[in-house]
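Peer 1: What follows is protein.cif, mmCIF, C-alpha atoms.
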data_upload
loop_
_atom_site.label_atom_id
_atom_site.label_comp_id
_atom_site.auth_asym_id
_atom_site.auth_seq_id
_atom_site.Cartn_x
_atom_site.Cartn_y
_atom_site.Cartn_z
CA MET U 1 5.63 -18.43 -1.14
CA PRO U 2 6.47 -22.12 -0.61
CA ARG U 3 4.69 -23.73 2.35
CA GLN U 4 6.93 -26.47 3.68
CA SER U 5 6.23 -28.60 6.74
CA ASN U 6 9.62 -30.33 6.82
CA VAL U 7 12.82 -28.36 6.14
CA ILE U 8 16.32 -27.72 7.47
CA LEU U 9 17.70 -24.17 7.41
CA HIS U 10 21.50 -24.17 7.59
CA GLY U 11 24.79 -22.36 7.00
CA MET U 12 23.98 -19.20 8.97
CA LYS U 13 24.89 -17.97 12.44
CA LEU U 14 22.41 -18.88 15.19
CA ILE U 15 21.83 -16.25 17.86
CA MET U 16 21.38 -18.37 20.96
CA LYS U 17 20.63 -17.29 24.54
CA ASN U 18 24.27 -16.92 25.58
CA ASP U 19 26.28 -17.54 22.44
CA VAL U 20 26.51 -17.25 18.66
CA TRP U 21 26.84 -20.54 16.79
CA ILE U 22 28.72 -20.49 13.49
CA ASN U 23 27.51 -22.67 10.61
CA GLY U 24 24.34 -23.55 12.43
CA TYR U 25 21.25 -25.45 11.40
CA ILE U 26 17.61 -25.56 12.47
CA PHE U 27 15.34 -28.50 11.61
CA LEU U 28 11.68 -27.43 11.34
CA ARG U 29 8.77 -29.84 11.20
CA ASN U 30 5.27 -28.40 10.86
CA GLU U 31 5.12 -25.58 13.46
CA THR U 32 7.96 -26.76 15.71
CA ILE U 33 11.74 -26.74 15.95
CA ILE U 34 12.85 -30.40 16.01
CA ALA U 35 16.62 -30.00 16.28
CA VAL U 36 19.28 -27.29 16.47
CA GLY U 37 23.01 -27.74 15.94
CA LYS U 38 26.22 -26.83 14.16
CA ASP U 39 28.15 -28.19 11.18
CA LEU U 40 25.41 -30.12 9.40
CA LYS U 41 26.77 -33.21 7.64
CA ASP U 42 25.61 -34.60 4.31
CA ASP U 43 24.21 -37.74 5.89
CA ASP U 44 22.38 -35.98 8.76
CA PHE U 45 18.57 -36.21 8.60
CA PRO U 46 18.39 -38.04 5.26
CA GLY U 47 15.53 -37.15 2.98
CA ILE U 48 14.74 -33.80 4.60
CA PRO U 49 14.78 -30.79 2.22
CA ARG U 50 17.50 -28.22 2.95
CA ARG U 51 17.65 -24.47 2.57
CA MET U 52 21.15 -22.98 2.65
CA TYR U 53 22.07 -19.45 3.77
CA ARG U 54 25.15 -17.26 3.59
CA GLU U 55 27.56 -17.57 6.50
CA ASN U 56 27.03 -13.91 7.46
CA MET U 57 23.28 -14.35 7.85
CA LEU U 58 21.93 -14.21 11.41
CA ALA U 59 19.08 -16.39 12.68
CA PHE U 60 17.22 -14.68 15.56
CA PRO U 61 14.20 -15.96 17.45
CA GLY U 62 11.03 -14.33 16.12
CA PHE U 63 10.50 -10.85 17.50
CA ILE U 64 7.68 -10.28 20.01
CA ASP U 65 6.18 -6.77 20.09
CA ILE U 66 4.25 -6.32 23.35
CA HIS U 67 3.17 -2.75 22.59
CA THR U 68 1.77 -1.93 19.17
CA HIS U 69 -1.41 0.03 18.39
CA GLY U 70 -1.30 -0.90 14.74
CA GLY U 71 0.35 -0.13 11.44
CA TYR U 72 -0.02 -0.72 7.71
CA GLY U 73 -3.26 1.27 7.65
CA VAL U 74 -5.04 -0.32 10.63
CA ASP U 75 -5.47 0.52 14.31
CA VAL U 76 -6.53 -1.87 17.09
CA MET U 77 -9.27 0.59 18.06
CA ASP U 78 -10.90 0.12 14.64
CA GLY U 79 -12.48 -2.92 16.27
CA SER U 80 -12.62 -5.05 13.11
CA GLN U 81 -11.29 -8.47 12.13
CA GLU U 82 -9.39 -6.77 9.31
CA VAL U 83 -7.08 -5.20 11.90
CA PHE U 84 -5.74 -8.54 13.07
CA GLU U 85 -5.67 -10.08 9.61
CA THR U 86 -3.62 -7.12 8.34
CA LEU U 87 -1.23 -7.13 11.29
CA GLY U 88 -0.80 -10.90 11.05
CA ALA U 89 0.16 -10.65 7.39
CA SER U 90 2.26 -7.45 7.63
CA LEU U 91 4.26 -7.69 10.86
CA PRO U 92 6.54 -10.50 9.62
CA SER U 93 8.10 -7.99 7.19
CA GLU U 94 9.77 -6.39 10.22
CA GLY U 95 10.62 -9.70 11.90
CA THR U 96 7.68 -9.75 14.29
CA THR U 97 6.17 -13.21 14.70
CA ALA U 98 3.95 -12.52 17.74
CA TYR U 99 2.44 -9.42 19.33
CA LEU U 100 0.08 -7.89 21.88
CA ALA U 101 -2.61 -5.69 20.33
CA THR U 102 -2.59 -2.44 22.29
CA THR U 103 -5.60 -0.28 23.04
CA ILE U 104 -5.69 3.43 23.83
CA THR U 105 -7.72 5.54 26.25
CA GLN U 106 -11.13 5.91 24.65
CA GLU U 107 -14.84 5.62 25.40
CA LYS U 108 -15.57 2.41 27.31
CA GLU U 109 -17.73 1.14 24.47
CA ASN U 110 -14.92 1.56 21.94
CA ILE U 111 -12.40 -0.25 24.14
CA THR U 112 -14.93 -3.03 24.72
CA ARG U 113 -15.57 -3.45 20.99
CA ALA U 114 -11.85 -3.73 20.27
CA LEU U 115 -11.39 -6.32 23.02
CA GLN U 116 -14.39 -8.37 21.90
CA THR U 117 -13.28 -8.42 18.28
CA GLY U 118 -9.72 -9.29 19.18
CA ALA U 119 -10.86 -12.09 21.48
CA VAL U 120 -12.84 -13.68 18.64
CA TYR U 121 -9.80 -13.54 16.36
CA TYR U 122 -7.50 -14.81 19.14
CA HIS U 123 -9.52 -17.97 19.66
CA ARG U 124 -10.00 -18.78 15.97
CA GLN U 125 -6.48 -18.03 14.71
CA ARG U 126 -4.99 -21.26 13.45
CA GLU U 127 -3.01 -20.40 10.35
CA ALA U 128 0.75 -20.70 10.52
CA GLY U 129 2.65 -18.22 8.39
CA VAL U 130 1.26 -15.08 10.05
CA ALA U 131 2.20 -13.19 13.21
CA GLU U 132 0.41 -14.65 16.21
CA LEU U 133 -1.88 -12.50 18.37
CA LEU U 134 -0.89 -13.26 21.96
CA GLY U 135 -3.61 -11.13 23.53
CA PHE U 136 -4.04 -7.52 24.57
CA HIS U 137 -2.07 -4.74 26.18
CA LEU U 138 -4.66 -2.44 27.80
CA GLU U 139 -3.07 1.04 27.78
CA GLY U 140 -5.40 3.31 29.77
CA PRO U 141 -7.95 4.54 30.57
CA PHE U 142 -6.67 4.28 34.18
CA ILE U 143 -3.91 6.88 33.88
CA ASN U 144 -2.88 10.26 35.28
CA VAL U 145 -4.06 13.20 33.19
CA LYS U 146 -0.88 15.06 34.15
CA ARG U 147 1.13 12.52 32.13
CA LYS U 148 -1.42 11.75 29.42
CA GLY U 149 0.88 12.21 26.43
CA ALA U 150 -1.20 11.40 23.35
CA GLN U 151 -3.97 9.67 25.34
CA PRO U 152 -7.29 11.58 24.93
CA GLU U 153 -7.88 13.49 28.16
CA GLU U 154 -11.68 13.40 28.00
CA HIS U 155 -11.73 9.60 28.34
CA ILE U 156 -9.27 9.25 31.23
CA ILE U 157 -10.87 7.83 34.39
CA SER U 158 -9.75 6.85 37.89
CA ASN U 159 -8.59 3.32 38.59
CA ASP U 160 -11.78 1.24 38.55
CA LEU U 161 -11.37 -2.41 39.49
CA ASP U 162 -14.90 -3.34 38.48
CA LEU U 163 -14.43 -1.76 35.04
CA TYR U 164 -11.13 -3.57 34.58
CA LYS U 165 -12.83 -6.87 35.44
CA ALA U 166 -15.52 -6.07 32.86
CA PHE U 167 -12.85 -5.34 30.23
CA GLN U 168 -11.14 -8.66 30.99
CA ARG U 169 -14.45 -10.52 30.69
CA GLU U 170 -15.16 -8.93 27.31
CA ALA U 171 -11.63 -9.84 26.23
CA ASP U 172 -12.33 -13.44 27.32
CA GLY U 173 -9.26 -13.39 29.55
CA THR U 174 -6.84 -12.25 26.84
CA ILE U 175 -5.57 -9.04 28.48
CA ARG U 176 -1.91 -9.74 29.35
CA ILE U 177 -0.58 -6.29 30.32
CA VAL U 178 -2.32 -3.26 31.84
CA THR U 179 -0.77 0.22 31.71
CA TYR U 180 -2.06 2.35 34.59
CA ALA U 181 -1.06 5.02 37.12
CA PRO U 182 -0.73 3.42 40.59
CA GLU U 183 -0.70 6.75 42.45
CA MET U 184 -4.27 7.50 41.47
CA LEU U 185 -7.23 6.53 43.67
CA GLY U 186 -7.70 2.76 43.75
CA GLY U 187 -4.29 2.12 42.22
CA LEU U 188 -2.99 -0.34 44.78
CA ASP U 189 -6.15 -2.46 44.75
CA LEU U 190 -5.95 -2.59 40.95
CA THR U 191 -2.24 -3.47 41.12
CA ALA U 192 -2.81 -6.35 43.51
CA TYR U 193 -5.73 -7.79 41.56
CA ILE U 194 -4.00 -7.59 38.19
CA SER U 195 -0.87 -9.25 39.58
CA GLU U 196 -2.77 -11.98 41.46
CA THR U 197 -4.62 -12.97 38.30
CA GLY U 198 -1.43 -13.47 36.31
CA VAL U 199 -1.60 -10.23 34.31
CA ILE U 200 1.33 -7.78 34.24
CA PRO U 201 0.71 -4.44 36.01
CA SER U 202 2.73 -1.90 34.00
CA ILE U 203 3.22 1.61 35.32
CA GLY U 204 2.84 4.27 32.67
CA HIS U 205 1.33 7.69 32.03
CA SER U 206 2.08 8.13 35.71
CA ASP U 207 3.30 10.93 37.96
CA ALA U 208 4.26 8.56 40.78
CA THR U 209 7.03 9.52 43.15
CA TYR U 210 9.80 7.10 44.00
CA GLY U 211 8.07 6.26 47.27
CA GLU U 212 4.80 5.57 45.46
CA MET U 213 6.66 3.36 43.01
CA LYS U 214 8.11 1.28 45.85
CA THR U 215 4.62 0.86 47.31
CA ALA U 216 3.24 -0.19 43.93
CA VAL U 217 6.02 -2.75 43.46
CA ALA U 218 5.27 -4.19 46.90
CA ALA U 219 1.65 -4.57 45.74
CA GLY U 220 2.73 -6.45 42.59
CA ALA U 221 3.79 -3.95 39.89
CA LYS U 222 6.40 -5.50 37.59
CA HIS U 223 6.77 -3.40 34.51
CA ILE U 224 7.14 0.13 33.14
CA THR U 225 5.49 1.28 29.91
CA HIS U 226 7.66 3.11 27.33
CA LEU U 227 10.41 4.29 29.67
CA TYR U 228 10.95 8.09 29.82
CA ASN U 229 7.67 8.86 28.02
CA GLY U 230 4.50 9.74 29.90
CA MET U 231 6.01 9.64 33.39
CA ARG U 232 7.68 11.60 36.15
CA GLY U 233 11.30 11.92 35.13
CA PHE U 234 14.49 11.54 37.13
CA HIS U 235 15.53 14.28 39.52
CA HIS U 236 18.38 13.93 41.97
CA ARG U 237 16.09 14.74 44.92
CA GLU U 238 13.00 12.90 43.59
CA PRO U 239 13.98 9.98 41.34
CA GLY U 240 10.37 9.39 40.23
CA VAL U 241 9.30 6.63 37.86
CA VAL U 242 12.52 6.73 35.86
CA GLY U 243 14.64 6.46 39.00
CA ALA U 244 12.58 3.46 40.07
CA ALA U 245 13.21 1.83 36.70
CA TYR U 246 16.94 2.28 37.26
CA THR U 247 17.10 0.97 40.83
CA ILE U 248 14.21 -1.37 41.74
CA ASP U 249 15.17 -4.88 40.72
CA GLU U 250 11.60 -6.15 40.29
CA LEU U 251 10.88 -3.70 37.47
CA GLN U 252 11.48 -4.23 33.77
CA SER U 253 10.95 -1.52 31.18
CA GLU U 254 9.73 -1.13 27.63
CA ILE U 255 11.74 1.26 25.53
CA ILE U 256 11.09 2.79 22.10
CA ALA U 257 14.51 2.88 20.47
CA ASP U 258 13.60 5.26 17.66
CA GLY U 259 15.88 8.14 18.66
CA LEU U 260 12.81 10.39 19.03
CA HIS U 261 10.87 9.11 22.04
CA SER U 262 14.20 8.44 23.72
CA SER U 263 17.47 9.99 22.58
CA PRO U 264 20.36 7.62 21.83
CA PRO U 265 22.18 8.57 25.10
CA ALA U 266 18.98 7.96 27.07
CA VAL U 267 18.59 4.52 25.50
CA ALA U 268 22.24 3.78 26.29
CA THR U 269 21.72 4.91 29.88
CA ALA U 270 18.80 2.52 30.33
CA TYR U 271 20.88 -0.32 28.87
CA ARG U 272 23.89 0.40 31.05
CA THR U 273 21.86 0.96 34.20
CA GLY U 274 19.33 -1.84 34.11
CA GLY U 275 21.05 -4.22 31.73
CA PHE U 276 19.63 -6.06 28.75
CA ARG U 277 17.63 -8.48 30.92
CA ASN U 278 15.42 -5.60 32.11
CA LEU U 279 14.59 -4.05 28.74
CA PHE U 280 11.89 -4.82 26.17
CA LEU U 281 12.20 -3.28 22.73
CA ILE U 282 8.76 -2.13 21.54
CA THR U 283 7.46 -0.10 18.62
CA ASP U 284 4.41 1.63 20.20
CA SER U 285 3.51 1.92 16.53
CA MET U 286 0.37 3.50 15.13
CA ARG U 287 -1.66 3.20 11.92
CA ALA U 288 0.87 5.06 9.75
CA LYS U 289 3.70 2.55 10.20
CA GLY U 290 4.62 1.27 6.78
CA LEU U 291 2.77 4.10 5.00
CA GLN U 292 3.76 7.46 3.54
CA ASP U 293 3.84 10.82 5.32
CA GLY U 294 0.39 12.30 5.83
CA THR U 295 -2.42 12.77 8.35
CA TYR U 296 -3.76 9.75 10.22
CA ASP U 297 -5.92 8.85 13.21
CA LEU U 298 -4.94 7.67 16.70
CA GLY U 299 -7.70 7.19 19.25
CA GLY U 300 -9.93 9.68 17.46
CA GLN U 301 -7.18 12.31 17.24
CA GLY U 302 -5.51 13.61 14.12
CA VAL U 303 -1.82 12.69 13.84
CA THR U 304 0.60 14.21 11.35
CA VAL U 305 3.45 12.01 10.16
CA ARG U 306 6.41 13.77 8.62
CA ASP U 307 10.06 12.73 8.37
CA GLU U 308 9.52 9.56 10.45
CA LYS U 309 7.88 11.50 13.31
CA ALA U 310 4.21 11.27 14.37
CA THR U 311 2.73 14.20 16.34
CA LEU U 312 -0.59 15.63 17.50
CA ALA U 313 -1.53 19.16 16.48
CA ASP U 314 0.15 20.55 19.63
CA GLY U 315 3.43 18.78 18.83
CA THR U 316 2.99 15.90 21.31
CA LEU U 317 4.60 12.67 20.11
CA ALA U 318 1.79 10.27 19.17
CA GLY U 319 3.11 6.75 18.98
CA SER U 320 5.81 5.80 16.51
CA ILE U 321 6.19 4.46 13.02
CA ILE U 322 9.37 2.51 13.70
CA THR U 323 9.55 -1.21 12.98
CA MET U 324 10.94 -3.87 15.30
CA ASP U 325 13.95 -4.50 13.08
CA GLY U 326 14.54 -0.74 13.13
CA CYS U 327 14.56 -0.89 16.94
CA VAL U 328 17.12 -3.71 16.79
CA ARG U 329 19.40 -1.76 14.44
CA ASN U 330 19.17 1.35 16.59
CA MET U 331 19.79 -0.54 19.84
CA ARG U 332 22.90 -2.05 18.33
CA ALA U 333 24.10 1.38 17.12
CA TYR U 334 23.29 3.19 20.40
CA THR U 335 24.72 0.59 22.80
CA ASP U 336 26.88 -1.89 20.87
CA ALA U 337 24.84 -4.62 22.60
CA ALA U 338 25.94 -8.15 21.83
CA LEU U 339 23.76 -10.18 19.46
CA PRO U 340 22.43 -12.52 22.20
CA GLU U 341 21.54 -9.44 24.23
CA LEU U 342 19.58 -8.03 21.31
CA ALA U 343 17.76 -11.35 20.98
CA ALA U 344 16.78 -11.15 24.65
CA MET U 345 15.53 -7.57 24.35
CA VAL U 346 13.44 -8.29 21.26
CA ALA U 347 12.14 -11.79 22.07
CA GLY U 348 13.48 -13.64 25.12
CA ASN U 349 12.53 -11.13 27.80
CA GLN U 350 9.05 -10.75 26.35
CA ALA U 351 8.43 -14.50 26.24
CA LYS U 352 9.58 -14.94 29.83
CA ALA U 353 7.46 -12.06 31.14
CA LEU U 354 4.36 -13.38 29.38
CA GLY U 355 4.96 -16.91 30.63
CA ILE U 356 5.35 -18.38 27.14
CA ASP U 357 9.08 -19.03 27.14
CA ASP U 358 8.34 -22.74 26.96
CA ARG U 359 7.38 -22.18 23.31
CA LYS U 360 8.74 -18.79 22.19
CA GLY U 361 11.62 -16.37 22.70
CA SER U 362 14.65 -18.49 21.80
CA ILE U 363 15.91 -21.01 19.25
CA ALA U 364 15.60 -24.44 20.84
CA PRO U 365 14.02 -27.84 20.19
CA GLU U 366 10.29 -28.20 20.92
CA LYS U 367 9.71 -24.44 20.64
CA ASP U 368 7.57 -22.76 18.00
CA ALA U 369 9.39 -22.42 14.70
CA ASP U 370 9.37 -18.59 14.85
CA LEU U 371 12.56 -17.31 13.24
CA VAL U 372 13.98 -14.17 11.64
CA LEU U 373 16.88 -14.26 9.20
CA LEU U 374 18.79 -10.96 9.19
CA ASN U 375 21.68 -9.87 7.01
CA GLU U 376 24.87 -8.34 8.37
CA HIS U 377 23.17 -4.92 8.46
CA LEU U 378 20.33 -6.35 10.60
CA ASP U 379 17.81 -6.02 7.79
CA VAL U 380 15.11 -8.69 7.61
CA GLU U 381 15.57 -11.10 4.70
CA GLU U 382 13.20 -13.85 5.86
CA THR U 383 10.67 -14.43 8.61
CA TRP U 384 9.24 -17.82 9.53
CA CYS U 385 6.05 -17.94 11.60
CA ARG U 386 5.37 -21.33 13.19
CA GLY U 387 7.29 -23.17 10.54
CA GLN U 388 5.99 -21.34 7.47
CA LEU U 389 7.85 -18.80 5.39
CA ALA U 390 5.83 -15.65 6.07
CA TYR U 391 8.08 -12.99 4.53
CA GLN U 392 10.93 -12.92 2.05
CA SER U 393 12.79 -9.79 0.98
CA GLU U 394 13.64 -9.09 -2.62
CA GLU U 395 17.32 -9.48 -1.76
CA ARG U 396 16.94 -13.09 -0.70
#
Please, can you express the file's structure as structure tokens?
Peer 2:
Amino acid sequence: MPRQSNVILHGMKLIMKNDVWINGYIFLRNETIIAVGKDLKDDDFPGIPRRMYRENMLAFPGFIDIHTHGGYGVDVMDGSQEVFETLGASLPSEGTTAYLATTITQEKENITRALQTGAVYYHRQREAGVAELLGFHLEGPFINVKRKGAQPEEHIISNDLDLYKAFQREADGTIRIVTYAPEMLGGLDLTAYISETGVIPSIGHSDATYGEMKTAVAAGAKHITHLYNGMRGFHHREPGVVGAAYTIDELQSEIIADGLHSSPPAVATAYRTGGFRNLFLITDSMRAKGLQDGTYDLGGQGVTVRDEKATLADGTLAGSIITMDGCVRNMRAYTDAALPELAAMVAGNQAKALGIDDRKGSIAPEKDADLVLLNEHLDVEETWCRGQLAYQSEER
């Protein structure tokens, strides 16, 4: 693929924060967006190479997946540099330009190895043209066995602040989100510490009541992991975790819009209740994403993938194999969300929550040149990672 450090992309629609610009242009220099506008003239920016697109093409900010265990044959828990090299090279095919590598409940030594390896990669990654590792999402082991889902029960432990601190040291400070159950012993101390240190406490695999959710939010909880899955559901006399997601303003929620983990009406309910500003599209993808049906591994457990569904032997859903662009297409179909709303749910909200919206999450000057070009069917035709063409479909 061509590696340009100075180029203008033009002719397409730009999906901005609150609007859609027709006949837009984006001037990229090295890894940064220099200028954004409409109706490029022949004498604008003389001498800069141009790349023209169809008028029905859509330029989105690069997608940010804050919950992925892997894909394309690798799993974060493999604990090897190959994991991050493969994800960096493969994720742009689905429009993802940045991500959080997500762990699973496992032996402490295995989690530590994954964090150490990822931290080394995080600090040495320099190459533009691949998806950027933003850090880690620590999912477990501090969860409630009653809501374990596909998390291995034998490795679940109580909330342990000292162990969390050890994990963060081994990760060299790169843990950005922690999924945990606040109702378990030590949950509020863990909540407060995570929040005070600038990490996002995310409630998941939790049997918390509505009252316990309010207490956790007062202590600093901000986020809910894969809404509807691995949590106490909504009941009209005990709203539980789901009810808290609907009604407590401080909470934002991940959602897997694959039609399996959450039915289309459930996804639409979350969108209508909390609004697009409170939702994060995620894949929660596992090793088999991008591969054929078969038997794969997730956290040491066998997972069967058949007809786009990944399950443990007992039928429990075990992560997903959906792509981020697939989530975008489904969200549009399930909710008829406006294009700027989709951009927020797949990039803008994530960047703001992680505190990186000064450089990612929207199309604007001085931000990273992370872009996705989608056709009218919301299929990825091109992905640019920090100013380099990282993926190009055969159709382009």
Peer 1: Using all atoms listed in the file, find the one residue out of U:Ile224, U:Leu161, U:Ala131, U:Leu317 that sits nearest to U:Ile200.
Peer 2: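 Distance minimum relative to U:Ile200 lands on U:Ile224.
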Peer 1: Run through the PyMOL selection byres ((chain U and resi 187-192) around 7) on the given coordinates and return the selected residues as a list in words.
Peer 2: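 Output from the PyMOL selection byres ((chain U and resi 187-192) around 7), applied to this file: Asn159, Leu161, Ala181, Pro182, Glu183, Met184, Leu185, Gly186, Tyr193, Ile194, Ser195, Glu196, Pro201, Ala216, Ala219, Gly220 and Ala221 of chain U.
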Peer 1: Report as number ranges by chain all protein, DNA and RNA residues lying within 10 Å of U:Leu40, evaluated on only C-alpha atoms, omitting residues in the same chain fewer than 4 positions from it.
Peer 2: U: 8-11, 23-26, 36, 44-45
Peer 1: Which value, in Å to one decimal, gives the distance between atom CA of U:Ala369 and atom CA of U:Ile256?
Peer 2: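 Interatomic distance, atom CA of U:Ala369 to atom CA of U:Ile256: 26.3 Å.
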Peer 1: Given the file shown, enumerate the residues that the PyMOL selection byres ((chain U and resi 96-109) around 6) captures and present them as an NGL selection string.
Peer 2: :U and (62-69 or 91-92 or 94-95 or 110-112 or 131-141 or 151 or 155 or 385)
Peer 1: Considering all atoms listed in the file, can you say which of U:Tyr180, U:Tyr53, U:Phe84, U:Phe60 comes closest to U:Phe142?
Peer 2: U:Tyr180
Peer 1: Using only C-alpha atoms, which residue out of U:Met52, U:Leu374, U:Val130, U:Ala333 lies closest to U:Gly88?
Peer 2: U:Val130
